[in-house]
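Text of structure_29.pdb (PDB, C-alpha atoms and all ligand atoms) as supplied:
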ATOM      1  CA  MET A  17    -121.392 118.758  -0.490
ATOM      2  CA  PHE A  18    -124.649 120.724  -0.212
ATOM      3  CA  LEU A  19    -123.997 124.399  -0.960
ATOM      4  CA  VAL A  20    -126.184 126.370   1.425
ATOM      5  CA  PRO A  21    -125.691 129.746  -0.402
ATOM      6  CA  LEU A  22    -126.855 128.146  -3.693
ATOM      7  CA  PHE A  23    -129.927 126.772  -1.903
ATOM      8  CA  ALA A  24    -130.646 130.147  -0.248
ATOM      9  CA  SER A  25    -130.357 132.082  -3.513
ATOM     10  CA  ASN A  26    -133.059 129.916  -5.099
ATOM     11  CA  LEU A  27    -135.444 130.071  -2.150
ATOM     12  CA  SER A  28    -138.336 132.504  -2.571
ATOM     13  CA  THR A  29    -140.353 131.724   0.571
ATOM     14  CA  ASN A  30    -141.362 134.243   3.235
ATOM     15  CA  LYS A  31    -140.988 132.017   6.275
ATOM     16  CA  ILE A  32    -139.861 128.481   5.444
ATOM     17  CA  GLY A  33    -136.202 127.434   5.296
ATOM     18  CA  HIS A  34    -134.538 130.808   5.870
ATOM     19  CA  ARG A  35    -132.429 129.366   8.671
ATOM     20  CA  ILE A  36    -130.867 126.072   7.748
ATOM     21  CA  GLU A  37    -128.889 123.912  10.152
ATOM     22  CA  TYR A  38    -126.535 121.951   7.894
ATOM     23  CA  LEU A  39    -125.164 118.781   9.533
ATOM     24  CA  LYS A  40    -122.668 116.244   8.236
ATOM     25  CA  SER A  41    -124.178 113.402  10.242
ATOM     26  CA  VAL A  42    -127.057 112.919  12.658
ATOM     27  CA  ASP A  43    -129.246 110.095  13.979
ATOM     28  CA  SER A  44    -132.436 111.430  12.347
ATOM     29  CA  THR A  45    -133.214 114.980  11.221
ATOM     30  CA  ASN A  46    -136.754 114.614  12.660
ATOM     31  CA  THR A  47    -135.307 113.702  16.071
ATOM     32  CA  GLU A  48    -132.615 116.407  15.884
ATOM     33  CA  ILE A  49    -134.922 119.256  14.856
ATOM     34  CA  TYR A  50    -137.146 118.646  17.881
ATOM     35  CA  ARG A  51    -134.090 118.448  20.200
ATOM     36  CA  MET A  52    -132.851 121.760  18.783
ATOM     37  CA  PHE A  53    -136.285 123.306  19.143
ATOM     38  CA  GLN A  54    -136.437 122.283  22.801
ATOM     39  CA  ASN A  55    -132.942 123.793  23.309
ATOM     40  CA  HIS A  56    -134.219 127.032  21.711
ATOM     41  CA  SER A  57    -131.514 126.810  19.041
ATOM     42  CA  ILE A  58    -134.044 126.855  16.182
ATOM     43  CA  GLN A  59    -137.472 128.341  15.545
ATOM     44  CA  PHE A  60    -140.639 127.513  13.647
ATOM     45  CA  GLY A  61    -139.998 127.515   9.886
ATOM     46  CA  ASP A  62    -136.324 126.494  10.256
ATOM     47  CA  LEU A  63    -134.811 123.512   8.475
ATOM     48  CA  VAL A  64    -132.374 120.792   9.516
ATOM     49  CA  PHE A  65    -130.517 119.147   6.628
ATOM     50  CA  ALA A  66    -128.122 116.208   7.072
ATOM     51  CA  GLU A  67    -125.717 114.602   4.611
ATOM     52  CA  GLN A  68    -125.975 111.349   6.562
ATOM     53  CA  GLN A  69    -128.556 109.814   8.879
ATOM     54  CA  ILE A  70    -127.415 106.999  11.151
ATOM     55  CA  SER A  71    -130.947 106.040  12.253
ATOM     56  CA  GLY A  72    -133.240 107.456   9.559
ATOM     57  CA  ARG A  73    -136.862 106.698  10.372
ATOM     58  CA  GLY A  74    -139.707 105.924   7.978
ATOM     59  CA  ARG A  75    -143.447 105.626   8.514
ATOM     60  CA  ARG A  76    -144.780 102.732  10.589
ATOM     61  CA  ASN A  77    -141.425 102.202  12.352
ATOM     62  CA  ASN A  78    -139.590 101.366   9.131
ATOM     63  CA  ILE A  79    -135.912 102.205   8.654
ATOM     64  CA  TRP A  80    -135.196 104.964   6.121
ATOM     65  CA  TYR A  81    -132.088 104.130   4.093
ATOM     66  CA  SER A  82    -130.159 106.927   2.383
ATOM     67  CA  LYS A  83    -126.677 107.186   0.874
ATOM     68  CA  PRO A  84    -124.504 109.872   2.503
ATOM     69  CA  GLY A  85    -124.119 112.971   0.317
ATOM     70  CA  GLU A  86    -126.447 111.752  -2.426
ATOM     71  CA  SER A  87    -129.961 112.236  -1.181
ATOM     72  CA  ILE A  88    -132.126 114.853   0.480
ATOM     73  CA  THR A  89    -132.789 114.091   4.134
ATOM     74  CA  CYS A  90    -134.197 117.068   5.985
ATOM     75  CA  SER A  91    -136.877 118.237   8.405
ATOM     76  CA  ILE A  92    -138.871 121.413   8.949
ATOM     77  CA  ILE A  93    -140.637 122.387  12.162
ATOM     78  CA  LEU A  94    -143.926 124.287  12.114
ATOM     79  CA  LYS A  95    -146.385 125.491  14.736
ATOM     80  CA  ASN A  96    -149.659 123.602  14.578
ATOM     81  CA  ASN A  97    -151.689 126.810  14.496
ATOM     82  CA  ALA A  98    -154.431 126.141  11.946
ATOM     83  CA  SER A  99    -157.309 123.744  12.444
ATOM     84  CA  ASP A 100    -156.798 121.975   9.108
ATOM     85  CA  LEU A 101    -152.962 122.085   8.944
ATOM     86  CA  LEU A 102    -152.583 118.475  10.069
ATOM     87  CA  GLN A 103    -154.980 117.373   7.323
ATOM     88  CA  LYS A 104    -153.297 119.511   4.664
ATOM     89  CA  LEU A 105    -149.632 118.780   5.433
ATOM     90  CA  PRO A 106    -149.341 115.103   4.402
ATOM     91  CA  LEU A 107    -150.992 115.903   1.091
ATOM     92  CA  LEU A 108    -149.307 119.211   0.265
ATOM     93  CA  THR A 109    -145.821 117.950   1.178
ATOM     94  CA  GLY A 110    -146.104 115.170  -1.400
ATOM     95  CA  ILE A 111    -147.475 117.587  -4.012
ATOM     96  CA  SER A 112    -144.667 120.099  -3.383
ATOM     97  CA  ILE A 113    -142.033 117.370  -3.859
ATOM     98  CA  ILE A 114    -143.399 116.188  -7.194
ATOM     99  CA  LYS A 115    -143.791 119.814  -8.370
ATOM    100  CA  GLY A 116    -140.182 120.613  -7.412
ATOM    101  CA  ILE A 117    -138.944 117.489  -9.225
ATOM    102  CA  LYS A 118    -140.955 118.382 -12.348
ATOM    103  CA  GLN A 119    -139.710 121.992 -12.311
ATOM    104  CA  LEU A 120    -136.040 121.013 -12.124
ATOM    105  CA  THR A 121    -135.849 117.753 -14.063
ATOM    106  CA  ASP A 122    -139.094 117.463 -16.056
ATOM    107  CA  ILE A 123    -139.630 114.027 -14.467
ATOM    108  CA  GLU A 124    -143.345 113.407 -13.826
ATOM    109  CA  CYS A 125    -143.573 111.553 -10.521
ATOM    110  CA  GLU A 126    -146.825 110.469  -8.937
ATOM    111  CA  LEU A 127    -148.160 110.120  -5.401
ATOM    112  CA  LYS A 128    -149.003 106.932  -3.567
ATOM    113  CA  TRP A 129    -151.318 107.503  -0.621
ATOM    114  CA  PRO A 130    -150.658 109.266   1.635
ATOM    115  CA  ASN A 131    -147.393 110.866   0.521
ATOM    116  CA  ASP A 132    -144.978 108.454  -1.129
ATOM    117  CA  ILE A 133    -143.267 109.796  -4.228
ATOM    118  CA  VAL A 134    -143.288 107.148  -6.945
ATOM    119  CA  TYR A 135    -142.151 106.759 -10.538
ATOM    120  CA  ASN A 136    -143.336 103.739 -12.533
ATOM    121  CA  SER A 137    -144.666 102.321  -9.236
ATOM    122  CA  LYS A 138    -141.181 102.513  -7.643
ATOM    123  CA  LYS A 139    -140.562 104.655  -4.597
ATOM    124  CA  ILE A 140    -138.259 107.681  -4.846
ATOM    125  CA  GLY A 141    -139.137 109.478  -1.647
ATOM    126  CA  GLY A 142    -141.269 109.570   1.467
ATOM    127  CA  VAL A 143    -142.513 111.919   4.155
ATOM    128  CA  LEU A 144    -142.660 111.375   7.913
ATOM    129  CA  ILE A 145    -144.879 113.838   9.786
ATOM    130  CA  GLU A 146    -144.776 113.855  13.574
ATOM    131  CA  ASN A 147    -146.976 115.825  15.924
ATOM    132  CA  LYS A 148    -145.328 116.760  19.246
ATOM    133  CA  GLY A 149    -147.189 119.192  21.490
ATOM    134  CA  ASP A 150    -147.930 122.231  19.346
ATOM    135  CA  CYS A 151    -145.097 121.318  16.934
ATOM    136  CA  LEU A 152    -145.428 119.624  13.576
ATOM    137  CA  ILE A 153    -142.249 118.055  12.242
ATOM    138  CA  ILE A 154    -142.136 117.331   8.537
ATOM    139  CA  GLY A 155    -139.324 114.985   7.489
ATOM    140  CA  VAL A 156    -138.518 114.493   3.821
ATOM    141  CA  GLY A 157    -136.368 111.716   2.398
ATOM    142  CA  LEU A 158    -135.684 111.742  -1.340
ATOM    143  CA  ASN A 159    -133.358 109.538  -3.384
ATOM    144  CA  VAL A 160    -131.550 111.950  -5.687
ATOM    145  CA  ASN A 161    -128.064 111.053  -6.948
ATOM    146  CA  GLU A 162    -127.676 107.408  -5.916
ATOM    147  CA  ASN A 163    -126.185 105.155  -8.619
ATOM    148  CA  GLU A 164    -127.219 102.143  -6.617
ATOM    149  CA  LEU A 165    -129.689 101.757  -3.766
ATOM    150  CA  GLU A 166    -129.496  99.635  -0.619
ATOM    151  CA  GLU A 167    -129.766  95.980  -1.609
ATOM    152  CA  SER A 168    -132.916  95.250   0.403
ATOM    153  CA  ILE A 169    -134.864  98.034  -1.385
ATOM    154  CA  GLN A 170    -133.380  97.803  -4.900
ATOM    155  CA  LYS A 171    -136.434  96.116  -6.444
ATOM    156  CA  THR A 172    -138.925  98.656  -5.141
ATOM    157  CA  THR A 173    -137.056 101.967  -5.209
ATOM    158  CA  LEU A 174    -135.359 104.376  -7.631
ATOM    159  CA  SER A 175    -133.356 107.606  -7.496
ATOM    160  CA  LEU A 176    -133.820 110.599  -9.803
ATOM    161  CA  LYS A 177    -130.345 109.952 -11.268
ATOM    162  CA  LEU A 178    -131.296 106.391 -12.154
ATOM    163  CA  ILE A 179    -134.259 107.786 -14.145
ATOM    164  CA  ILE A 180    -132.517 110.543 -16.129
ATOM    165  CA  ASN A 181    -128.963 109.250 -16.079
ATOM    166  CA  ARG A 182    -127.467 112.497 -14.794
ATOM    167  CA  SER A 183    -126.907 114.162 -11.437
ATOM    168  CA  VAL A 184    -129.442 116.597 -10.035
ATOM    169  CA  GLN A 185    -128.513 119.702  -8.011
ATOM    170  CA  ARG A 186    -129.945 119.004  -4.575
ATOM    171  CA  GLU A 187    -129.715 122.688  -3.570
ATOM    172  CA  LEU A 188    -132.034 123.794  -6.393
ATOM    173  CA  LEU A 189    -134.357 120.849  -5.920
ATOM    174  CA  LEU A 190    -134.853 121.508  -2.205
ATOM    175  CA  ALA A 191    -135.363 125.260  -2.766
ATOM    176  CA  PHE A 192    -137.989 124.580  -5.468
ATOM    177  CA  ILE A 193    -139.773 122.046  -3.229
ATOM    178  CA  LEU A 194    -139.952 124.541  -0.344
ATOM    179  CA  ASN A 195    -141.175 127.332  -2.649
ATOM    180  CA  HIS A 196    -144.087 125.094  -3.695
ATOM    181  CA  PHE A 197    -144.592 123.929  -0.099
ATOM    182  CA  GLU A 198    -145.119 127.448   1.234
ATOM    183  CA  SER A 199    -147.424 128.486  -1.566
ATOM    184  CA  LEU A 200    -149.541 125.312  -1.138
ATOM    185  CA  MET A 201    -149.859 126.014   2.603
ATOM    186  CA  ASN A 202    -151.928 129.071   1.679
ATOM    187  CA  GLN A 203    -154.361 127.018  -0.417
ATOM    188  CA  SER A 204    -157.610 125.512   0.853
ATOM    189  CA  LEU A 205    -157.846 121.855   1.848
ATOM    190  CA  LYS A 206    -160.387 121.425  -0.965
ATOM    191  CA  SER A 207    -157.984 122.595  -3.684
ATOM    192  CA  ILE A 208    -155.087 120.587  -2.181
ATOM    193  CA  ILE A 209    -157.256 117.440  -2.264
ATOM    194  CA  LYS A 210    -158.096 118.095  -5.926
ATOM    195  CA  GLU A 211    -154.424 118.579  -6.817
ATOM    196  CA  TRP A 212    -153.394 115.489  -4.834
ATOM    197  CA  GLU A 213    -155.974 113.320  -6.618
ATOM    198  CA  SER A 214    -154.812 114.545 -10.026
ATOM    199  CA  SER A 215    -151.263 113.330  -9.207
ATOM    200  CA  CYS A 216    -152.306 110.066  -7.545
ATOM    201  CA  ALA A 217    -150.814 106.923  -9.125
ATOM    202  CA  HIS A 218    -153.787 104.705  -8.174
ATOM    203  CA  MET A 219    -157.062 106.662  -8.487
ATOM    204  CA  GLU A 220    -160.024 104.375  -9.156
ATOM    205  CA  THR A 221    -157.762 101.340  -9.448
ATOM    206  CA  SER A 222    -157.516  98.018  -7.626
ATOM    207  CA  ILE A 223    -154.849  97.994  -4.948
ATOM    208  CA  ASN A 224    -153.626  95.808  -2.121
ATOM    209  CA  PHE A 225    -153.581  97.446   1.252
ATOM    210  CA  HIS A 226    -151.660  96.434   4.413
ATOM    211  CA  GLN A 227    -153.454  97.202   7.664
ATOM    212  CA  SER A 228    -152.970  95.662  11.123
ATOM    213  CA  GLY A 229    -150.950  92.781   9.682
ATOM    214  CA  LYS A 230    -153.604  91.937   7.057
ATOM    215  CA  LEU A 231    -153.405  92.315   3.276
ATOM    216  CA  ILE A 232    -156.717  93.657   1.973
ATOM    217  CA  SER A 233    -157.781  93.946  -1.688
ATOM    218  CA  ALA A 234    -159.628  97.164  -2.403
ATOM    219  CA  LYS A 235    -160.469  99.782  -5.009
ATOM    220  CA  PHE A 236    -159.033 103.222  -4.209
ATOM    221  CA  LEU A 237    -161.832 105.775  -4.669
ATOM    222  CA  GLY A 238    -160.007 109.004  -3.759
ATOM    223  CA  LEU A 239    -159.992 111.371  -0.769
ATOM    224  CA  ASN A 240    -162.981 112.626   1.226
ATOM    225  CA  GLN A 241    -163.402 116.290   2.246
ATOM    226  CA  HIS A 242    -161.101 115.773   5.254
ATOM    227  CA  GLY A 243    -158.293 114.382   3.086
ATOM    228  CA  GLU A 244    -158.801 110.795   4.282
ATOM    229  CA  ALA A 245    -158.607 107.891   1.832
ATOM    230  CA  THR A 246    -161.801 106.200   0.713
ATOM    231  CA  MET A 247    -161.748 102.642  -0.584
ATOM    232  CA  LYS A 248    -164.270 100.094  -1.721
ATOM    233  CA  ILE A 249    -163.628  96.871   0.172
ATOM    234  CA  GLY A 250    -166.005  94.167  -1.038
ATOM    235  CA  ALA A 251    -169.349  95.965  -1.400
ATOM    236  CA  GLU A 252    -168.606  98.518   1.318
ATOM    237  CA  LYS A 253    -167.167 102.031   1.011
ATOM    238  CA  LYS A 254    -164.684 102.642   3.859
ATOM    239  CA  THR A 255    -162.682 105.591   5.158
ATOM    240  CA  ILE A 256    -159.040 104.721   5.819
ATOM    241  CA  THR A 257    -156.698 106.850   7.932
ATOM    242  CA  SER A 258    -153.563 104.700   8.064
ATOM    243  CA  GLY A 259    -151.908 101.792   6.302
ATOM    244  CA  ILE A 260    -149.650 101.027   3.348
ATOM    245  CA  ILE A 261    -150.772 100.600  -0.237
ATOM    246  CA  GLU A 262    -148.987  98.146  -2.511
ATOM    247  CA  LEU A 263    -149.074  99.037  -6.200
TER
HETATM  248  C1  LIG B   1    -141.534 106.864   4.641
HETATM  249  O1  LIG B   1    -141.787 106.817   3.434
HETATM  250  O2  LIG B   1    -141.621 105.861   5.353
HETATM  251  C2  LIG B   1    -141.122 108.175   5.240
HETATM  252  C3  LIG B   1    -139.639 108.405   5.130
HETATM  253  C4  LIG B   1    -139.181 109.707   5.737
HETATM  254  C5  LIG B   1    -137.679 109.807   5.805
HETATM  255  C6  LIG B   1    -137.218 111.169   6.231
HETATM  256  S1  LIG B   1    -135.495 111.406   5.963
HETATM  257  C7  LIG B   1    -135.544 112.880   6.882
HETATM  258  C8  LIG B   1    -136.447 112.649   8.077
HETATM  259  N1  LIG B   1    -135.702 112.061   9.154
HETATM  260  C9  LIG B   1    -136.073 110.816   9.406
HETATM  261  O3  LIG B   1    -135.568 110.063  10.257
HETATM  262  N2  LIG B   1    -137.065 110.456   8.587
HETATM  263  C10 LIG B   1    -137.436 111.526   7.699
END
Output the file's structure as structure tokens, nothing else.
Amino acid sequence: MFLVPLFASNLSTNKIGHRIEYLKSVDSTNTEIYRMFQNHSIQFGDLVFAEQQISGRGRRNNIWYSKPGESITCSIILKNNASDLLQKLPLLTGISIIKGIKQLTDIECELKWPNDIVYNSKKIGGVLIENKGDCLIIGVGLNVNENELEESIQKTTLSLKLIINRSVQRELLLAFILNHFESLMNQSLKSIIKEWESSCAHMETSINFHQSGKLISAKFLGLNQHGEATMKIGAEKKTITSGIIEL
């Protein structure tokens, strides 16, 4: 059970997350928040949180698995009203999640480009950002109190509980994440890029990179001034805007 009053009393934002739509079960919070927005039942800055997702969606058409009642699966809807918001959001969402985790649990997670949350190279959470009309939907999935993860992802994923051997209060964690999220939104793209790079798990290291069905070996060089990834592939320096890195 997610206690909304406990979440609200730890939230210190001006605009984000003040109205929360708490659902027991939904197909996907990203899908639902946009439906609710179109029905005028929620507004920009509001949050949809679900205890269970029947059809959770990940990046690149992957399924997002989560255990009912044990993880954070939620979405926020924002108006795309700043020229660099779409560049900033994927980076600052990841940063705000690792800052919230550190604040509550002292666990030092890292970021895998563009916004996977990892610990010891294993995935703990991910972010799915969708752009519909003038809406930006930010979906966050985070493994929190799972004792065991879905069999197909057990080798590559972890939960916070599996790291520290105790349960974590999801209400506090989500409030802390959103507090960082809103304050990062007011920072420049340049400072967000710097902060992202300092938390990146694979700066200046050799990585394998999946793109268009191919596995490419590269060296990850960092982000350019637009927040795009730069990699050295063979002798060439390339800018990469999509794909999946394997650590
Ligand atoms: C990824 O790493 O592939 C992104 C995963 C994003 C999952 C979250 S859970 C809440 C929101 N609703 C969804 O269907 N997906 C996102």
With the PyMOL selection byres (((chain A and resi 227-238) around 7) and not hetatm) as the selection, what would be picked from this file? Answer as a PDB file with C-alpha atoms, in the coordinates of the input, please.
ATOM      1  CA  GLU A 213    -155.974 113.320  -6.618  1.00  0.00           C
ATOM      2  CA  HIS A 218    -153.787 104.705  -8.174  1.00  0.00           C
ATOM      3  CA  MET A 219    -157.062 106.662  -8.487  1.00  0.00           C
ATOM      4  CA  GLU A 220    -160.024 104.375  -9.156  1.00  0.00           C
ATOM      5  CA  THR A 221    -157.762 101.340  -9.448  1.00  0.00           C
ATOM      6  CA  SER A 222    -157.516  98.018  -7.626  1.00  0.00           C
ATOM      7  CA  ILE A 223    -154.849  97.994  -4.948  1.00  0.00           C
ATOM      8  CA  ASN A 224    -153.626  95.808  -2.121  1.00  0.00           C
ATOM      9  CA  PHE A 225    -153.581  97.446   1.252  1.00  0.00           C
ATOM     10  CA  HIS A 226    -151.660  96.434   4.413  1.00  0.00           C
ATOM     11  CA  LEU A 239    -159.992 111.371  -0.769  1.00  0.00           C
ATOM     12  CA  ASN A 240    -162.981 112.626   1.226  1.00  0.00           C
ATOM     13  CA  ALA A 245    -158.607 107.891   1.832  1.00  0.00           C
ATOM     14  CA  THR A 246    -161.801 106.200   0.713  1.00  0.00           C
ATOM     15  CA  MET A 247    -161.748 102.642  -0.584  1.00  0.00           C
ATOM     16  CA  LYS A 248    -164.270 100.094  -1.721  1.00  0.00           C
ATOM     17  CA  ILE A 249    -163.628  96.871   0.172  1.00  0.00           C
ATOM     18  CA  GLY A 259    -151.908 101.792   6.302  1.00  0.00           C
ATOM     19  CA  ILE A 260    -149.650 101.027   3.348  1.00  0.00           C
TER      20      ILE A 260
END
Show me which residues sit within 9 Å of ligand LIG 1 (chain B) when counting only C-alpha atoms and all ligand atoms, and put them as a ChimeraX atom specification.
/A:43-48,64-66,69-82,88-91,131-133,139,141-145,153-158
Correct to one decimal, the distance atom CA of Tyr38 of chain A-atom CA of Met17 of chain A is 10.3 Å
Contacts of segment 136-190 of chain A with segment 24-36 of chain A up to 10 Å, shortest pair per row, all atoms listed in the file, as CSV:
residue,atom,partner,partner_atom,distance
A:Glu187,CA,A:Asn26,CA,8.1
A:Leu188,CA,A:Asn26,CA,6.3
A:Leu189,CA,A:Asn26,CA,9.2
A:Leu190,CA,A:Leu27,CA,8.6
Within 8 Å of Cys216 of chain A, counting only C-alpha atoms, which residues qualify if same-chain residues fewer than 6 places away don't, as a ChimeraX atom specification?
/A:126-129
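Taking all atoms listed in the file, the non-local environment of Tyr135 of chain A within 10 Å (same-chain residues fewer than 5 positions away omitted) comprises Ile123, Glu124, Cys125, Glu126, Leu127, Lys128, Ile140, Gly141, Thr173, Leu174, Ser175, Leu176, Ile179 and Ala217 of chain A.
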Report as a PyMOL selection string all protein, DNA and RNA residues lying within 7 Å of Glu86 of chain A, evaluated on all atoms listed in the file, omitting residues in the same chain fewer than 6 positions from it.
chain A and resi 160-162
Requested write-out: C-alpha atoms of the selected residues, as a PDB file, keeping the file's coordinate frame:
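Dumped to out-v8.pdb:
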ATOM      1  CA  VAL A 160    -131.550 111.950  -5.687  1.00  0.00           C
ATOM      2  CA  ASN A 161    -128.064 111.053  -6.948  1.00  0.00           C
ATOM      3  CA  GLU A 162    -127.676 107.408  -5.916  1.00  0.00           C
TER       4      GLU A 162
END
Which residues would end up in the selection if the PyMOL selection byres (((chain A and resi 198) around 12) and not hetatm) were applied here, given that I need the answer as an MDAnalysis selection string?
chainID A and resid 27:33 61 92 94 104:105 108:109 111:113 191:197 199:203
re atom CA of Lys95 of chain A and atom CA of Asn147 of chain A: distance 9.8 Å
Residue with smallest distance to His242 of chain A - pool A:Ser207, A:Gln59, A:Arg186, A:Leu22, counting all atoms listed in the file:
A:Ser207
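If you measure from each of A:Val20, A:Leu120, A:Gln68, A:Lys83 to Glu167 of chain A using only C-alpha atoms, the closest one turns out to be A:Lys83.
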Centre and edge lengths of an axis-aligned box around all listed atoms of segment 36-43 of chain A, with 5 Å added on each side, are to be given in Å to one decimal, as JSON.
{"center_x": -126.8, "center_y": 118.1, "center_z": 10.9, "size_x": 18.2, "size_y": 26.0, "size_z": 16.2}
Would you compute the distance between atom CA of Lys206 of chain A and atom CA of Gln241 of chain A? Give it in Å to one decimal.
6.8 Å
Judged by only C-alpha atoms, the minimum distance to Ile117 of chain A among A:Ile58, A:Ile180, A:Leu63, A:Ile49 is found for A:Ile180
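Distance check against Ser204 of chain A using only C-alpha atoms: of A:Ile169, A:Cys151, A:Leu107, A:Ile114, the minimum falls on A:Leu107.
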For Phe60 of chain A, which residue out of A:Val134, A:Leu152, A:Val42, A:Ile93 is the nearest one, using all atoms listed in the file?
A:Ile93
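Distances to Thr257 of chain A were evaluated for A:Ser137, A:Ser168, A:Asn55, A:Gln103 using all atoms listed in the file, and the minimum falls at A:Gln103.
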Complete the atoms of segment 63-74 of chain A to N, CA and C atoms and put them out as an mmCIF file, in the frame of the given file.
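Generated output (part_37.cif):
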data_model
loop_
_atom_site.group_PDB
_atom_site.id
_atom_site.type_symbol
_atom_site.label_atom_id
_atom_site.label_comp_id
_atom_site.auth_asym_id
_atom_site.auth_seq_id
_atom_site.Cartn_x
_atom_site.Cartn_y
_atom_site.Cartn_z
ATOM 1 N N LEU A 63 -135.038 124.792 9.146
ATOM 2 C CA LEU A 63 -134.811 123.512 8.475
ATOM 3 C C LEU A 63 -133.540 122.852 9.007
ATOM 4 N N VAL A 64 -133.599 121.554 9.210
ATOM 5 C CA VAL A 64 -132.374 120.792 9.516
ATOM 6 C C VAL A 64 -132.111 119.868 8.339
ATOM 7 N N PHE A 65 -130.905 119.970 7.783
ATOM 8 C CA PHE A 65 -130.517 119.147 6.628
ATOM 9 C C PHE A 65 -129.292 118.323 7.035
ATOM 10 N N ALA A 66 -129.292 117.040 6.723
ATOM 11 C CA ALA A 66 -128.122 116.208 7.072
ATOM 12 C C ALA A 66 -127.637 115.454 5.848
ATOM 13 N N GLU A 67 -126.306 115.378 5.708
ATOM 14 C CA GLU A 67 -125.717 114.602 4.611
ATOM 15 C C GLU A 67 -125.852 113.111 4.886
ATOM 16 N N GLN A 68 -125.887 112.763 6.192
ATOM 17 C CA GLN A 68 -125.975 111.349 6.562
ATOM 18 C C GLN A 68 -126.880 111.177 7.774
ATOM 19 N N GLN A 69 -127.752 110.170 7.700
ATOM 20 C CA GLN A 69 -128.556 109.814 8.879
ATOM 21 C C GLN A 69 -128.144 108.413 9.331
ATOM 22 N N ILE A 70 -127.840 108.297 10.603
ATOM 23 C CA ILE A 70 -127.415 106.999 11.151
ATOM 24 C C ILE A 70 -128.640 106.134 11.474
ATOM 25 N N SER A 71 -129.716 106.778 11.930
ATOM 26 C CA SER A 71 -130.947 106.040 12.253
ATOM 27 C C SER A 71 -132.147 106.719 11.615
ATOM 28 N N GLY A 72 -132.121 106.830 10.269
ATOM 29 C CA GLY A 72 -133.240 107.456 9.559
ATOM 30 C C GLY A 72 -134.515 106.662 9.792
ATOM 31 N N ARG A 73 -135.598 107.370 10.047
ATOM 32 C CA ARG A 73 -136.862 106.698 10.372
ATOM 33 C C ARG A 73 -137.906 106.915 9.281
ATOM 34 N N GLY A 74 -138.613 105.826 8.935
ATOM 35 C CA GLY A 74 -139.707 105.924 7.978
ATOM 36 C C GLY A 74 -141.034 105.794 8.689
#
